[in-house]
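Content type JSON, C-alpha atoms and all ligand atoms, from the file input22.json:
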```json
[["chain", "number", "residue", "atom", "x", "y", "z"],
["A", 1, "MET", "CA", 148.67, 154.90, 116.02],
["A", 2, "GLU", "CA", 145.25, 153.27, 116.37],
["A", 3, "ASN", "CA", 143.63, 151.09, 113.79],
["A", 4, "ALA", "CA", 141.16, 153.01, 111.64],
["A", 5, "THR", "CA", 138.75, 152.66, 108.75],
["A", 6, "LEU", "CA", 140.36, 152.25, 105.36],
["A", 7, "THR", "CA", 138.40, 154.03, 102.65],
["A", 8, "LEU", "CA", 138.85, 153.90, 98.90],
["A", 9, "SER", "CA", 136.90, 156.56, 97.01],
["A", 10, "SER", "CA", 136.48, 156.17, 93.25],
["A", 11, "VAL", "CA", 139.96, 154.70, 92.86],
["A", 12, "THR", "CA", 141.12, 153.93, 89.34],
["A", 13, "ARG", "CA", 144.50, 152.71, 88.13],
["A", 14, "ARG", "CA", 145.19, 152.56, 84.42],
["A", 15, "PHE", "CA", 148.06, 150.82, 82.69],
["A", 16, "GLY", "CA", 147.86, 152.13, 79.13],
["A", 17, "GLU", "CA", 144.40, 151.18, 77.93],
["A", 18, "THR", "CA", 143.82, 148.70, 80.76],
["A", 19, "ARG", "CA", 141.85, 149.83, 83.78],
["A", 20, "ALA", "CA", 143.44, 147.40, 86.27],
["A", 21, "VAL", "CA", 141.33, 148.93, 89.04],
["A", 22, "ASP", "CA", 138.26, 150.72, 87.79],
["A", 23, "ASN", "CA", 136.39, 153.20, 89.96],
["A", 24, "VAL", "CA", 136.53, 151.19, 93.19],
["A", 25, "THR", "CA", 134.82, 152.60, 96.26],
["A", 26, "LEU", "CA", 134.87, 150.63, 99.49],
["A", 27, "GLN", "CA", 135.34, 150.90, 103.23],
["A", 28, "VAL", "CA", 137.10, 148.36, 105.41],
["A", 29, "GLU", "CA", 136.36, 148.63, 109.12],
["A", 30, "PRO", "CA", 139.19, 148.14, 111.64],
["A", 31, "GLY", "CA", 139.78, 144.48, 112.43],
["A", 32, "GLN", "CA", 137.91, 143.06, 109.46],
["A", 33, "PHE", "CA", 139.26, 139.96, 107.69],
["A", 34, "VAL", "CA", 138.59, 140.57, 104.01],
["A", 35, "GLY", "CA", 139.23, 138.11, 101.19],
["A", 36, "VAL", "CA", 139.63, 139.46, 97.67],
["A", 37, "ILE", "CA", 138.85, 136.96, 94.94],
["A", 38, "GLY", "CA", 138.49, 137.05, 91.17],
["A", 39, "ARG", "CA", 139.97, 135.67, 87.99],
["A", 40, "SER", "CA", 143.56, 136.23, 86.99],
["A", 41, "GLY", "CA", 143.91, 139.84, 85.85],
["A", 42, "ALA", "CA", 140.81, 141.02, 87.72],
["A", 43, "GLY", "CA", 142.86, 143.64, 89.57],
["A", 44, "LYS", "CA", 143.41, 142.01, 92.98],
["A", 45, "SER", "CA", 147.17, 142.66, 93.23],
["A", 46, "THR", "CA", 146.80, 146.17, 91.88],
["A", 47, "LEU", "CA", 144.20, 146.88, 94.56],
["A", 48, "LEU", "CA", 146.57, 145.84, 97.38],
["A", 49, "ARG", "CA", 149.51, 147.69, 95.83],
["A", 50, "LEU", "CA", 147.46, 150.86, 95.65],
["A", 51, "ILE", "CA", 146.66, 150.59, 99.36],
["A", 52, "ASN", "CA", 150.30, 150.43, 100.45],
["A", 53, "ARG", "CA", 151.32, 152.86, 97.69],
["A", 54, "LEU", "CA", 153.60, 150.49, 95.84],
["A", 55, "ILE", "CA", 151.72, 152.05, 92.94],
["A", 56, "ASP", "CA", 149.80, 155.31, 92.72],
["A", 57, "PRO", "CA", 146.21, 155.65, 91.54],
["A", 58, "SER", "CA", 145.41, 157.41, 88.29],
["A", 59, "GLU", "CA", 142.31, 158.84, 89.96],
["A", 60, "GLY", "CA", 140.60, 158.73, 93.34],
["A", 61, "GLN", "CA", 141.57, 158.87, 96.97],
["A", 62, "ILE", "CA", 142.55, 156.41, 99.71],
["A", 63, "THR", "CA", 142.29, 157.36, 103.38],
["A", 64, "PHE", "CA", 143.02, 155.61, 106.68],
["A", 65, "GLY", "CA", 141.05, 157.36, 109.40],
["A", 66, "ASN", "CA", 141.79, 161.00, 108.76],
["A", 67, "ARG", "CA", 145.11, 160.37, 107.00],
["A", 68, "GLU", "CA", 145.10, 160.70, 103.23],
["A", 69, "ILE", "CA", 147.27, 157.87, 101.99],
["A", 70, "THR", "CA", 147.26, 159.03, 98.38],
["A", 71, "ALA", "CA", 148.75, 162.42, 99.36],
["A", 72, "MET", "CA", 151.62, 161.05, 101.46],
["A", 73, "LYS", "CA", 155.29, 161.60, 100.67],
["A", 74, "GLY", "CA", 158.68, 161.00, 102.28],
["A", 75, "ARG", "CA", 158.69, 160.25, 106.00],
["A", 76, "GLU", "CA", 154.91, 160.07, 106.25],
["A", 77, "LEU", "CA", 154.75, 157.55, 103.39],
["A", 78, "ARG", "CA", 157.45, 155.42, 105.01],
["A", 79, "ALA", "CA", 155.46, 155.45, 108.25],
["A", 80, "TRP", "CA", 152.37, 154.33, 106.35],
["A", 81, "ARG", "CA", 154.29, 151.44, 104.82],
["A", 82, "ARG", "CA", 155.17, 150.32, 108.35],
["A", 83, "ASP", "CA", 151.52, 150.56, 109.39],
["A", 84, "CYS", "CA", 150.54, 148.54, 106.38],
["A", 85, "ALA", "CA", 152.57, 145.33, 106.15],
["A", 86, "MET", "CA", 152.66, 143.31, 102.94],
["A", 87, "ILE", "CA", 153.02, 139.55, 102.53],
["A", 88, "PHE", "CA", 153.80, 138.11, 99.09],
["A", 89, "GLN", "CA", 153.34, 134.75, 97.42],
["A", 90, "GLN", "CA", 157.12, 134.36, 97.13],
["A", 91, "PHE", "CA", 157.93, 135.21, 100.80],
["A", 92, "ASN", "CA", 160.85, 137.52, 99.88],
["A", 93, "LEU", "CA", 163.18, 136.33, 102.64],
["A", 94, "VAL", "CA", 166.95, 136.56, 102.33],
["A", 95, "ASP", "CA", 167.84, 132.88, 101.89],
["A", 96, "ARG", "CA", 171.40, 133.07, 103.18],
["A", 97, "LEU", "CA", 170.44, 134.90, 106.41],
["A", 98, "ASP", "CA", 169.07, 133.05, 109.40],
["A", 99, "VAL", "CA", 165.40, 133.22, 110.33],
["A", 100, "LEU", "CA", 165.91, 135.57, 113.27],
["A", 101, "THR", "CA", 167.87, 138.08, 111.19],
["A", 102, "ASN", "CA", 165.21, 137.98, 108.50],
["A", 103, "VAL", "CA", 162.60, 138.92, 111.11],
["A", 104, "LEU", "CA", 164.82, 141.61, 112.63],
["A", 105, "VAL", "CA", 165.10, 143.19, 109.20],
["A", 106, "GLY", "CA", 161.39, 143.99, 109.53],
["A", 107, "GLN", "CA", 162.35, 146.49, 112.22],
["A", 108, "LEU", "CA", 165.00, 148.19, 110.12],
["A", 109, "ALA", "CA", 162.68, 150.95, 109.01],
["A", 110, "GLY", "CA", 163.04, 152.51, 112.45],
["A", 111, "HIS", "CA", 166.86, 152.24, 112.45],
["A", 112, "GLY", "CA", 169.64, 154.61, 111.63],
["A", 113, "PHE", "CA", 171.49, 153.92, 108.38],
["A", 114, "LEU", "CA", 174.65, 152.59, 110.02],
["A", 115, "ASN", "CA", 172.86, 150.08, 112.23],
["A", 116, "SER", "CA", 170.88, 148.89, 109.21],
["A", 117, "MET", "CA", 174.07, 148.31, 107.26],
["A", 118, "THR", "CA", 175.73, 146.36, 110.04],
["A", 119, "LEU", "CA", 172.55, 144.51, 111.06],
["A", 120, "ARG", "CA", 172.99, 145.50, 114.69],
["A", 121, "PHE", "CA", 169.96, 145.06, 116.91],
["A", 122, "SER", "CA", 169.17, 145.65, 120.57],
["A", 123, "ASP", "CA", 168.23, 142.92, 123.02],
["A", 124, "ALA", "CA", 164.69, 144.30, 123.11],
["A", 125, "GLU", "CA", 164.44, 143.96, 119.32],
["A", 126, "ARG", "CA", 165.74, 140.41, 119.45],
["A", 127, "THR", "CA", 163.23, 139.51, 122.15],
["A", 128, "ARG", "CA", 160.44, 141.00, 120.09],
["A", 129, "ALA", "CA", 161.54, 139.07, 117.01],
["A", 130, "ILE", "CA", 161.67, 135.79, 118.95],
["A", 131, "GLN", "CA", 158.22, 136.48, 120.38],
["A", 132, "ALA", "CA", 156.88, 137.08, 116.88],
["A", 133, "LEU", "CA", 158.47, 133.83, 115.67],
["A", 134, "ASP", "CA", 157.03, 132.01, 118.65],
["A", 135, "ARG", "CA", 153.52, 133.13, 117.73],
["A", 136, "LEU", "CA", 154.04, 131.50, 114.36],
["A", 137, "ASP", "CA", 155.55, 128.35, 115.95],
["A", 138, "MET", "CA", 158.83, 129.19, 114.27],
["A", 139, "ALA", "CA", 161.03, 130.09, 117.28],
["A", 140, "PRO", "CA", 162.82, 126.69, 117.22],
["A", 141, "LYS", "CA", 164.06, 127.53, 113.70],
["A", 142, "ALA", "CA", 165.40, 130.97, 114.65],
["A", 143, "LEU", "CA", 169.02, 130.18, 113.84],
["A", 144, "GLN", "CA", 168.41, 128.15, 110.70],
["A", 145, "ARG", "CA", 169.12, 129.69, 107.30],
["A", 146, "ALA", "CA", 165.85, 130.87, 105.74],
["A", 147, "GLY", "CA", 166.66, 129.18, 102.43],
["A", 148, "THR", "CA", 166.57, 125.75, 104.07],
["A", 149, "LEU", "CA", 162.95, 126.05, 105.26],
["A", 150, "SER", "CA", 159.85, 124.72, 103.53],
["A", 151, "GLY", "CA", 157.61, 127.19, 101.72],
["A", 152, "GLY", "CA", 155.04, 127.19, 104.50],
["A", 153, "GLN", "CA", 157.70, 127.80, 107.12],
["A", 154, "GLN", "CA", 159.14, 130.65, 105.05],
["A", 155, "GLN", "CA", 155.73, 132.25, 104.77],
["A", 156, "ARG", "CA", 155.28, 132.06, 108.55],
["A", 157, "VAL", "CA", 158.67, 133.75, 108.98],
["A", 158, "ALA", "CA", 157.54, 136.43, 106.52],
["A", 159, "ILE", "CA", 154.43, 136.98, 108.65],
["A", 160, "ALA", "CA", 156.60, 137.26, 111.79],
["A", 161, "ARG", "CA", 158.77, 139.80, 109.96],
["A", 162, "ALA", "CA", 155.64, 141.78, 109.10],
["A", 163, "LEU", "CA", 154.44, 141.61, 112.73],
["A", 164, "VAL", "CA", 157.55, 143.24, 114.19],
["A", 165, "GLN", "CA", 156.73, 146.32, 112.09],
["A", 166, "ASP", "CA", 153.74, 146.63, 114.45],
["A", 167, "PRO", "CA", 151.35, 147.22, 111.56],
["A", 168, "ARG", "CA", 147.66, 148.16, 111.64],
["A", 169, "ILE", "CA", 146.84, 146.42, 108.39],
["A", 170, "MET", "CA", 148.21, 143.23, 106.92],
["A", 171, "LEU", "CA", 147.99, 142.99, 103.13],
["A", 172, "ALA", "CA", 148.64, 139.52, 101.78],
["A", 173, "ASP", "CA", 148.93, 138.97, 98.03],
["A", 174, "GLU", "CA", 148.14, 135.30, 97.34],
["A", 175, "PRO", "CA", 150.08, 134.17, 100.43],
["A", 176, "ILE", "CA", 149.16, 130.50, 100.02],
["A", 177, "ALA", "CA", 149.25, 130.18, 96.24],
["A", 178, "SER", "CA", 152.49, 128.20, 96.21],
["A", 179, "LEU", "CA", 151.86, 126.10, 99.34],
["A", 180, "ASP", "CA", 150.55, 122.58, 99.85],
["A", 181, "PRO", "CA", 147.21, 122.23, 101.68],
["A", 182, "GLY", "CA", 148.69, 121.61, 105.14],
["A", 183, "ASN", "CA", 150.97, 124.63, 104.97],
["A", 184, "ALA", "CA", 148.27, 126.76, 103.38],
["A", 185, "THR", "CA", 146.03, 125.97, 106.35],
["A", 186, "ARG", "CA", 148.72, 126.88, 108.88],
["A", 187, "VAL", "CA", 149.38, 130.20, 107.16],
["A", 188, "MET", "CA", 145.66, 131.07, 106.99],
["A", 189, "GLU", "CA", 145.23, 130.07, 110.66],
["A", 190, "ALA", "CA", 148.18, 132.31, 111.56],
["A", 191, "LEU", "CA", 146.63, 135.26, 109.74],
["A", 192, "ARG", "CA", 143.32, 134.59, 111.45],
["A", 193, "SER", "CA", 144.80, 134.47, 114.94],
["A", 194, "ILE", "CA", 146.75, 137.71, 114.35],
["A", 195, "ASN", "CA", 143.53, 139.29, 113.13],
["A", 196, "ARG", "CA", 141.59, 138.16, 116.18],
["A", 197, "GLU", "CA", 144.22, 138.64, 118.86],
["A", 198, "ASP", "CA", 145.73, 141.94, 117.70],
["A", 199, "GLY", "CA", 142.70, 143.44, 115.99],
["A", 200, "LEU", "CA", 144.73, 143.85, 112.81],
["A", 201, "THR", "CA", 142.77, 144.46, 109.64],
["A", 202, "VAL", "CA", 143.63, 141.76, 107.09],
["A", 203, "LEU", "CA", 143.13, 142.01, 103.34],
["A", 204, "VAL", "CA", 144.11, 138.85, 101.56],
["A", 205, "ASN", "CA", 144.01, 138.02, 97.85],
["A", 206, "LEU", "CA", 143.03, 134.42, 97.34],
["A", 207, "HIS", "CA", 142.71, 132.36, 94.23],
["A", 208, "THR", "CA", 140.61, 129.67, 95.88],
["A", 209, "LEU", "CA", 137.04, 130.29, 96.79],
["A", 210, "ASP", "CA", 136.76, 127.73, 99.56],
["A", 211, "THR", "CA", 139.61, 129.36, 101.47],
["A", 212, "ALA", "CA", 137.89, 132.73, 101.25],
["A", 213, "ARG", "CA", 134.65, 131.16, 102.44],
["A", 214, "ALA", "CA", 136.34, 129.42, 105.36],
["A", 215, "TYR", "CA", 138.34, 132.34, 106.74],
["A", 216, "CYS", "CA", 136.99, 135.69, 105.66],
["A", 217, "ASP", "CA", 134.34, 137.84, 107.41],
["A", 218, "ARG", "CA", 133.80, 139.56, 104.13],
["A", 219, "ILE", "CA", 134.52, 138.59, 100.55],
["A", 220, "ILE", "CA", 135.11, 141.10, 97.79],
["A", 221, "ALA", "CA", 135.08, 139.71, 94.28],
["A", 222, "MET", "CA", 136.68, 141.72, 91.51],
["A", 223, "ARG", "CA", 135.96, 141.45, 87.86],
["A", 224, "GLU", "CA", 137.71, 143.54, 85.20],
["A", 225, "GLY", "CA", 138.92, 146.00, 87.82],
["A", 226, "ARG", "CA", 135.55, 146.55, 89.44],
["A", 227, "VAL", "CA", 134.03, 145.31, 92.67],
["A", 228, "PHE", "CA", 131.57, 142.76, 91.39],
["A", 229, "PHE", "CA", 130.46, 141.32, 94.73],
["A", 230, "ASP", "CA", 130.93, 142.50, 98.30],
["A", 231, "GLY", "CA", 129.37, 140.47, 101.09],
["A", 232, "THR", "CA", 129.60, 137.45, 103.35],
["A", 233, "ALA", "CA", 130.38, 133.89, 102.33],
["A", 234, "ALA", "CA", 126.72, 133.00, 102.79],
["A", 235, "GLN", "CA", 125.70, 135.73, 100.33],
["A", 236, "LEU", "CA", 128.11, 134.44, 97.73],
["A", 237, "THR", "CA", 125.70, 132.17, 95.92],
["A", 238, "ASP", "CA", 126.58, 129.76, 93.14],
["A", 239, "ASP", "CA", 125.08, 132.12, 90.59],
["A", 240, "VAL", "CA", 127.30, 134.99, 91.73],
["A", 241, "VAL", "CA", 130.32, 132.69, 91.69],
["A", 242, "ARG", "CA", 129.53, 131.64, 88.13],
["A", 243, "ASP", "CA", 129.37, 135.29, 87.12],
["A", 244, "ILE", "CA", 132.70, 136.06, 88.81],
["A", 245, "TYR", "CA", 134.68, 133.25, 87.28],
["A", 246, "GLY", "CA", 132.73, 132.22, 84.21],
["A", 247, "SER", "CA", 131.78, 128.55, 83.96],
["A", 248, "GLU", "CA", 135.17, 127.54, 82.51],
["A", 249, "GLY", "CA", 136.98, 129.04, 85.50],
["A", 250, "LEU", "CA", 134.85, 127.30, 88.08],
["A", 251, "ALA", "CA", 136.56, 123.93, 88.24],
["A", 252, "GLU", "CA", 139.89, 125.61, 88.92],
["A", 253, "PHE", "CA", 138.51, 127.73, 91.76],
["A", 254, "ASN", "CA", 136.49, 124.95, 93.32],
["A", 255, "GLU", "CA", 139.54, 123.01, 94.46],
["A", 256, "ALA", "CA", 140.00, 122.55, 98.17],
["A", 257, "VAL", "CA", 143.34, 124.07, 99.09],
["A", 258, "THR", "CA", 143.11, 124.61, 102.82],
["A", 259, "SER", "CA", 142.24, 121.48, 104.70],
["A", 260, "THR", "CA", 140.24, 123.10, 107.54],
["A", 261, "SER", "CA", 137.71, 124.44, 105.09],
["A", 262, "VAL", "CA", 136.37, 120.91, 104.80],
["A", 263, "SER", "CA", 135.68, 120.63, 108.52],
["A", 264, "THR", "CA", 134.16, 124.11, 108.90],
["A", 265, "GLY", "CA", 131.24, 123.15, 106.73],
["A", 266, "HIS", "CA", 131.50, 126.36, 104.73],
["A", 267, "VAL", "CA", 132.41, 124.66, 101.50],
["A", 268, "ALA", "CA", 129.80, 125.03, 98.83],
["A", 269, "LYS", "CA", 129.79, 122.47, 96.08],
["A", 270, "ILE", "CA", 129.70, 124.38, 92.87],
["A", 271, "PRO", "CA", 128.52, 122.52, 89.80],
["A", 272, "ALA", "CA", 131.13, 122.72, 87.06],
["B", 1, "LIG", "N1", 152.76, 147.08, 85.95],
["B", 1, "LIG", "C1", 151.82, 146.80, 85.05],
["B", 1, "LIG", "N2", 151.94, 147.19, 83.78],
["B", 1, "LIG", "C2", 150.98, 146.94, 82.86],
["B", 1, "LIG", "N3", 149.85, 146.28, 83.13],
["B", 1, "LIG", "C3", 149.65, 145.86, 84.39],
["B", 1, "LIG", "C4", 150.63, 146.10, 85.42],
["B", 1, "LIG", "N4", 150.15, 145.56, 86.58],
["B", 1, "LIG", "C5", 148.95, 145.02, 86.29],
["B", 1, "LIG", "N5", 148.65, 145.19, 84.99],
["B", 1, "LIG", "C6", 147.42, 144.73, 84.31],
["B", 1, "LIG", "O1", 146.32, 145.10, 85.13],
["B", 1, "LIG", "C7", 145.35, 144.06, 85.17],
["B", 1, "LIG", "C8", 145.13, 143.61, 86.60],
["B", 1, "LIG", "O2", 146.30, 142.95, 87.06],
["B", 1, "LIG", "P1", 146.46, 142.39, 88.54],
["B", 1, "LIG", "O3", 147.84, 141.82, 88.65],
["B", 1, "LIG", "O4", 146.04, 143.42, 89.50],
["B", 1, "LIG", "O5", 145.39, 141.22, 88.55],
["B", 1, "LIG", "P2", 145.18, 140.03, 89.58],
["B", 1, "LIG", "O6", 143.72, 139.91, 89.79],
["B", 1, "LIG", "O7", 146.02, 140.24, 90.78],
["B", 1, "LIG", "O8", 145.71, 138.79, 88.77],
["B", 1, "LIG", "P3", 146.50, 137.47, 89.25],
["B", 1, "LIG", "O9", 145.50, 136.67, 90.03],
["B", 1, "LIG", "O10", 146.89, 136.81, 87.97],
["B", 1, "LIG", "O11", 147.66, 137.95, 90.05],
["B", 1, "LIG", "C9", 145.86, 142.97, 84.24],
["B", 1, "LIG", "O12", 145.28, 143.17, 82.98],
["B", 1, "LIG", "C10", 147.35, 143.24, 84.20],
["B", 1, "LIG", "O13", 147.89, 142.78, 82.99]]
```
Would you write out, as structure tokens, the structure that this file holds?
Amino acid sequence: MENATLTLSSVTRRFGETRAVDNVTLQVEPGQFVGVIGRSGAGKSTLLRLINRLIDPSEGQITFGNREITAMKGRELRAWRRDCAMIFQQFNLVDRLDVLTNVLVGQLAGHGFLNSMTLRFSDAERTRAIQALDRLDMAPKALQRAGTLSGGQQQRVAIARALVQDPRIMLADEPIASLDPGNATRVMEALRSINREDGLTVLVNLHTLDTARAYCDRIIAMREGRVFFDGTAAQLTDDVVRDIYGSEGLAEFNEAVTSTSVSTGHVAKIPA
């Protein structure tokens, strides 16, 4: 299927008394690279999990083109989860399996039960998996056990695994939060090239402002479950940033995590 506009209409998710996501309405155009920022607990993870239906909204509607995501069940929901790949902070690879097999597992959704159990794959699937690894500069590690790779390498394998699903949207929940600056940069660059070359929509939760400024066409800042800011990096002024994070949170979010952000000139110095 083609990429399409993702629309959230008055979406709320409550956990007991907490409104983790509170009446969020937004549209994401196909091929946009969107960074979601905000303090811990602002609702960023919940927002992504609502989009791929890891959790259901308490109220509101999510659509992708003319498909209503929030109404999907069974086969249709499984198809949506393939269209909408998810990357996590902790990579979620199977350590004892080699890199190639980890990527091939991304294609299992389209397999019969028996082939999934025996991890049998066609030559075409293997070729596709190698090609995906190659895009992430990870093909030379194809036969190495995933558990022996560095965090940054594991995250690139996780992205390759997501790519073989042939998704329309890539959701990434703090994909660089546990990486060093060099690896964080490589992972962000990989997401950016997939976005540009394949026209994939990317929504990425980030805990560092400078990374969002350096890579994202659009930045959405959440605060207490609501969209507090929605605009470009240039529109995200120091005053808005102070309101998003509070002055005590600023120092933490002002750290440079991805090294390219320094050379792009997008880094704003925010007074602590
Ligand atoms: N499964 C759950 N059960 C109960 N409360 C939850 C659950 N998931 C999230 N919450 C609450 O919803 C709010 C938003 O959480 P969420 O994880 O979406 O925030 P976040 O912005 O992603 O935070 P972080 O940056 O720390 O990951 C928090 O108050 C959190 O405690």
At a cut-off of 6 Å and counting all atoms listed in the file, what residues surround ligand LIG 1 (chain B)? Please answer as a list of chain:residue names.
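Every residue with an atom at most 6 Å from ligand LIG 1 (chain B) is listed here: A:Phe15, A:Ala20, A:Arg39, A:Ser40, A:Gly41, A:Ala42, A:Gly43, A:Lys44, A:Ser45, A:Thr46.
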Take the residues from that selection and write them out as a PDB file, keeping the file's coordinate frame, keeping C-alpha atoms.
```pdb
ATOM      1  CA  PHE A  15     148.060 150.820  82.690  1.00  0.00           C
ATOM      2  CA  ALA A  20     143.440 147.400  86.270  1.00  0.00           C
ATOM      3  CA  ARG A  39     139.970 135.670  87.990  1.00  0.00           C
ATOM      4  CA  SER A  40     143.560 136.230  86.990  1.00  0.00           C
ATOM      5  CA  GLY A  41     143.910 139.840  85.850  1.00  0.00           C
ATOM      6  CA  ALA A  42     140.810 141.020  87.720  1.00  0.00           C
ATOM      7  CA  GLY A  43     142.860 143.640  89.570  1.00  0.00           C
ATOM      8  CA  LYS A  44     143.410 142.010  92.980  1.00  0.00           C
ATOM      9  CA  SER A  45     147.170 142.660  93.230  1.00  0.00           C
ATOM     10  CA  THR A  46     146.800 146.170  91.880  1.00  0.00           C
TER      11      THR A  46
END
```
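The protein and nucleic acid residues lying at most 8 Å from Ile176 in chain A are Gln89, Asn183, Ala184, Val187, Met188 and Leu206 of chain A, with all atoms listed in the file considered and sequence neighbours fewer than 5 positions away removed.
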Show me, as number ranges by chain, the residues that have an atom within 12 Å of range 71-73 of chain A when counting all atoms listed in the file, minus same-chain residues fewer than 4 positions from it.
A: 51-53, 56-57, 59-64, 66-67, 77-81
Among the residues A:Ala129, A:Leu100, A:Asp217, A:Leu171, the one that comes closest to Leu54 in chain A [using all atoms listed in the file]:
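Ranked by minimum distance to Leu54 in chain A, first place goes to A:Leu171.
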Sorted by chain and rising residue number, list the residues of range 5-59 of chain A at most 12 Å from range 220-238 of chain A (counting only C-alpha atoms), each with its closest atom pair and distance in Å to one decimal, as CSV.
```
residue,atom,partner,partner_atom,distance
A:Leu8,CA,A:Val227,CA,11.7
A:Ser10,CA,A:Arg226,CA,10.4
A:Val11,CA,A:Arg226,CA,9.9
A:Thr12,CA,A:Gly225,CA,8.4
A:Arg13,CA,A:Gly225,CA,8.7
A:Arg14,CA,A:Gly225,CA,9.7
A:Phe15,CA,A:Gly225,CA,11.5
A:Thr18,CA,A:Gly225,CA,9.0
A:Arg19,CA,A:Gly225,CA,6.3
A:Ala20,CA,A:Gly225,CA,5.0
A:Val21,CA,A:Gly225,CA,4.0
A:Asp22,CA,A:Gly225,CA,4.8
A:Asn23,CA,A:Arg226,CA,6.7
A:Val24,CA,A:Arg226,CA,6.0
A:Thr25,CA,A:Val227,CA,8.2
A:Leu26,CA,A:Val227,CA,8.7
A:Gln27,CA,A:Asp230,CA,10.7
A:Val28,CA,A:Ile220,CA,10.7
A:Gln32,CA,A:Thr232,CA,11.7
A:Phe33,CA,A:Ile220,CA,10.8
A:Val34,CA,A:Ile220,CA,7.1
A:Gly35,CA,A:Ile220,CA,6.1
A:Val36,CA,A:Ile220,CA,4.8
A:Ile37,CA,A:Ala221,CA,4.7
A:Gly38,CA,A:Met222,CA,5.0
A:Arg39,CA,A:Arg223,CA,7.0
A:Ser40,CA,A:Arg223,CA,9.3
A:Gly41,CA,A:Glu224,CA,7.2
A:Ala42,CA,A:Glu224,CA,4.7
A:Gly43,CA,A:Gly225,CA,4.9
A:Lys44,CA,A:Met222,CA,6.9
A:Ser45,CA,A:Gly225,CA,10.4
A:Thr46,CA,A:Gly225,CA,8.9
A:Leu47,CA,A:Gly225,CA,8.6
```
Could you tell me how far CA of Thr185 in chain A sits from CA of Gly152 in chain A, in Å to one decimal place?
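According to the coordinates, CA of Gly152 in chain A and CA of Thr185 in chain A are separated by 9.3 Å.
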With only C-alpha atoms as the atoms that count, which of A:Val99, A:Ala158, A:Val241, A:Leu133 lies nearest to Arg213 in chain A?
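The answer is A:Val241, which sits nearest to Arg213 in chain A.
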Find the residues around Val103 in chain A up to 12 Å (all atoms listed in the file counted), leave out those fewer than 5 positions away in its own chain, and share them as a PyMOL selection string.
chain A and resi 91-94+97-98+108+119+121+125-134+136+138-139+141-143+145-146+154-165
For Ile194 in chain A, which of A:Pro167, A:Gly16, A:Gly246, A:Gly151 is the closest residue, counting only C-alpha atoms?
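Under the stated criterion, the closest residue is A:Pro167.
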Which one is closest to Thr208 in chain A: A:Met86, A:Glu76, A:Glu174, A:Pro140? Count all atoms listed in the file.
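Ranking A:Met86, A:Glu76, A:Glu174, A:Pro140 by distance to Thr208 in chain A, first place goes to A:Glu174.
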Shell of 10 Å around Glu29 in chain A, all atoms listed in the file, local chain residues under 5 positions omitted, as a PDB file with C-alpha atoms, in the frame of the given file:
```
ATOM      1  CA  ASN A   3     143.630 151.090 113.790  1.00  0.00           C
ATOM      2  CA  ALA A   4     141.160 153.010 111.640  1.00  0.00           C
ATOM      3  CA  THR A   5     138.750 152.660 108.750  1.00  0.00           C
ATOM      4  CA  LEU A   6     140.360 152.250 105.360  1.00  0.00           C
ATOM      5  CA  THR A   7     138.400 154.030 102.650  1.00  0.00           C
ATOM      6  CA  VAL A  34     138.590 140.570 104.010  1.00  0.00           C
ATOM      7  CA  PHE A  64     143.020 155.610 106.680  1.00  0.00           C
ATOM      8  CA  GLY A  65     141.050 157.360 109.400  1.00  0.00           C
ATOM      9  CA  THR A 201     142.770 144.460 109.640  1.00  0.00           C
TER      10      THR A 201
END
```
